[in-house]
Amino acid sequence: MSRPIRALAVAAAALALVSACNSPSRGTDPGKPGDATAPARGVTDTSIKVGGIVSMTSSSGYSKKDTDLGARARYLRANAEGGVHGRSIDYIGAEDDGQDPGKNMAAARKLVQQDKVFAVAPMSSVTFSGADFLEQEKVPTFGWGTLPSFCGPKYIYGFNGCLVPSPGGTINQTWPEGIAKILGGARGKSVAIVANDSDAGKFGVRTFQQGFASAGFEVAYAKASVPATAVPSDWSAYVKEILGSAGGRAPDAVVSVMQTPNNIGLFTALKRGGYKGVLSDPTDYDPGLLAKDATRQALDGVHVLLQFEPFESTNPKMDRFKADIRAASGGQEVPLNMHMLTGYMSADLFLSIAQKAGRDLTPTHFQNAAQSFSDTDTLVGARTLPKGQKDSFGCGALVQLRNGAYEVSVPFTCHDPIPFK
């Protein structure tokens with residue numbers, strides 16, 4: 001995909017309305033950057049205050065709450081190692097935006113105007129109406145770059161880069177190249193791309209059409225037609241159309257750019273319809289989903305796109321991640337999921353740039369450090385800025401659920417991106 005798009009954006013009209021009705025206050029200006037008489041907001045001699053915005057709840061029941069645990073785990077380790085230039089991270093936790101644009105804006109305003117945070121890390125939601133406010137207030141903000149707001153603004157960063165291409169940007173080829181490897185090559189193979197009927201879904205279809213076609217696939221079906229507001233109770237019409245999309249036959253692969261409730265419905269219906277090809281999505285890497293027999297059966301055999309090292313990896317950094325999560329959970333073993341890693345790596349990128357910025361931490365000094373930042377051998381591959389504010393970092397893997405457990409189907413690999421048109 002280059003961008004596993006959990007959901008890329010809310011409708012432009014809604015975004016514009018929310019932004020217009022919530023113009024940023026000028027009463028919270030932390031002072032002229034670098035001015036010794038006007039310390040940066042959220043920074044004291046001994047601490048740096050950080051908050052988060054996470055969709056803990058949603059109308060569908062889908063939750064990203066473990067993003068908060070992942071961030072907390074990384075900050076706990078940072079503090080145990082002495083903090084950032086002698087300052088500890090005062091992580092005040094994440095606000096729940098309920099996947100609602102108005103609540104997302106309200107959370108951003110609260111964190112800046114009331115809590116006076118220096119940074120927002122993590123920000124994990126399918127809506128980011130608070131982006132313009134945080135950018136204008138010069139608040140470094142970190143999250144999963146599956147929304148357009150992570151691509152371009154100076155103070156907003158995706159932990160694995162920008163996953164929403166724009167003209168002049170690039171498309172990450174992890175997904176199509178991974179599916180091609182599973183199928184033994186893309187030549188002569190067809191794919192169906194399914195998404196919700198929303199701005200996010202339409203953009204996802206446009207992006208993945210280019211990516212899969214460039215990898216050599218025939219894109220037999222590419223529609224953003226599934227209602228975005230409610231999970232269909234009857235998938236028969238979608239299944240019939242998909243199963244006959246490749247010249248009257250079923251495509252070799254069906255990839256869904258939707259969240260878990262929709263994926264369960266679609267994949268279950270396809271299997272009942274006799275589909276035997278490859279099923280894939282960028283969402284369902286979560287051991288918690290395996291607790292219910294029906295869910296486990298629906299997702300059995302599905303290949304899930306990741307843009308980080310799988311938990312099954314033998315990379316020592318993955319061992320450290322697991323140890324940090326265990327410590328943040330009070331020593332308890334908890335099922336790992338991608339939300340934890342989203343929070344963890346959002347925090348990790350913030351900490352890495354803050355360390356490079358030096359002791360005199362201001363928004364301007366932080367931004368200057370980010371503009372020449374790079375490192376290698378992380379759980380998302382090599383990271384480079386400002387490139388990452390226009391392109392993804394280009395790496396990923398696929399895991400498959402088989403017999404109640406995940407296993408790596410395509411190892412973590414980096415691919416050359418392609419231009420986005």
# chains A, B, ... in the order shown; residues from 1 in each chain; ligands from 1
call {"tool": "closest_atom_pairs", "arguments": {"of": "region 37-143 of chain A", "to": "region 355-358 of chain A", "cutoff": "10 Å", "atoms": "only C-alpha atoms", "output": "CSV"}}
result
residue,atom,partner,partner_atom,distance
A:Gly83,CA,A:Gln355,CA,9.1
A:Val84,CA,A:Gln355,CA,5.7
A:His85,CA,A:Gln355,CA,6.8
call {"tool": "residues_around", "arguments": {"residues": "region 99-108 of chain A", "least_positions_apart": "5", "cutoff": "7 Å", "atoms": "only C-alpha atoms", "output": "number ranges by chain"}}
result
A: 18, 53, 55, 58, 125-130, 134
call {"tool": "write_last_selection", "arguments": {"atoms": "C-alpha atoms", "output": "compact mmCIF listing (two decimals), in the first residue's frame"}}
result
# COMPACT_ATOMS: atom_id res chain seq x y z
CA VAL A 18 -14.77 21.84 12.44
CA ILE A 53 -5.29 11.55 21.62
CA SER A 55 -9.93 6.53 19.96
CA SER A 58 -16.21 4.14 18.96
CA SER A 125 -7.72 8.04 15.39
CA VAL A 126 -9.51 7.83 12.06
CA THR A 127 -10.19 11.55 12.34
CA PHE A 128 -7.73 14.38 12.96
CA SER A 129 -9.70 17.62 12.94
CA GLY A 130 -7.33 19.03 15.57
CA LEU A 134 -1.79 21.69 16.78
call {"tool": "closest_atom_pairs", "arguments": {"of": "region 204-323 of chain A", "to": "region 369-384 of chain A", "cutoff": "8 Å", "atoms": "only C-alpha atoms", "output": "Markdown table"}}
result
| residue | atom | partner | partner_atom | distance |
| --- | --- | --- | --- | --- |
| A:Gln307 | CA | A:Val380 | CA | 6.4 |
| A:Phe308 | CA | A:Val380 | CA | 4.5 |
| A:Glu309 | CA | A:Leu379 | CA | 5.3 |
| A:Lys317 | CA | A:Leu379 | CA | 6.8 |
| A:Met318 | CA | A:Leu379 | CA | 7.1 |
call {"tool": "write_last_selection", "arguments": {"atoms": "N, CA, C and O atoms", "output": "compact mmCIF listing (two decimals), in the first residue's frame"}}
result
# COMPACT_ATOMS: atom_id res chain seq x y z
N GLN A 307 3.39 -2.65 8.93
CA GLN A 307 4.48 -1.78 8.53
C GLN A 307 5.47 -1.63 9.68
O GLN A 307 6.02 -0.57 9.94
N PHE A 308 5.67 -2.75 10.35
CA PHE A 308 6.66 -2.84 11.41
C PHE A 308 7.06 -4.30 11.56
O PHE A 308 6.43 -5.20 10.99
N GLU A 309 8.10 -4.56 12.29
CA GLU A 309 8.53 -5.93 12.55
C GLU A 309 7.41 -6.71 13.24
O GLU A 309 6.81 -6.23 14.20
N LYS A 317 15.26 -5.79 19.24
CA LYS A 317 14.43 -4.63 19.56
C LYS A 317 12.98 -5.03 19.81
O LYS A 317 12.28 -4.38 20.59
N MET A 318 12.55 -6.11 19.19
CA MET A 318 11.21 -6.62 19.48
C MET A 318 11.17 -7.24 20.86
O MET A 318 10.19 -7.10 21.60
call {"tool": "select_by_dssp", "arguments": {"residues": "region 54-221 of chain A", "states": "strand (DSSP E or B)", "output": "PyMOL selection string"}}
result
chain A and resi 54+84+87-96+119-124+141-143+156-159+161+170-171+190-196+218-221
call {"tool": "closest_residue", "arguments": {"among": "A:Asp300, A:Asp319, A:Asp416, A:Asp391", "to": "Thr146 (chain A)", "atoms": "only C-alpha atoms"}}
result
A:Asp391
call {"tool": "residues_around", "arguments": {"residues": "Tyr344 (chain A)", "least_positions_apart": "3", "cutoff": "6 Å", "atoms": "only C-alpha atoms", "output": "ChimeraX atom specification"}}
result
/A:70-71,74,341,347
call {"tool": "residues_around", "arguments": {"residues": "Val254 (chain A)", "least_positions_apart": "2", "cutoff": "9 Å", "atoms": "only C-alpha atoms", "output": "VMD selection string"}}
result
chain A and resid 190 to 194 221 242 251 to 252 256 277 to 281
call {"tool": "closest_residue", "arguments": {"among": "A:Gln173, A:Thr295, A:Thr364, A:Asn403", "to": "Phe212 (chain A)", "atoms": "only C-alpha atoms"}}
result
A:Gln173
call {"tool": "atom_distance", "arguments": {"atom1": "CA of Ala121 (chain A)", "atom2": "CA of Leu361 (chain A)"}}
result
16.2 Å
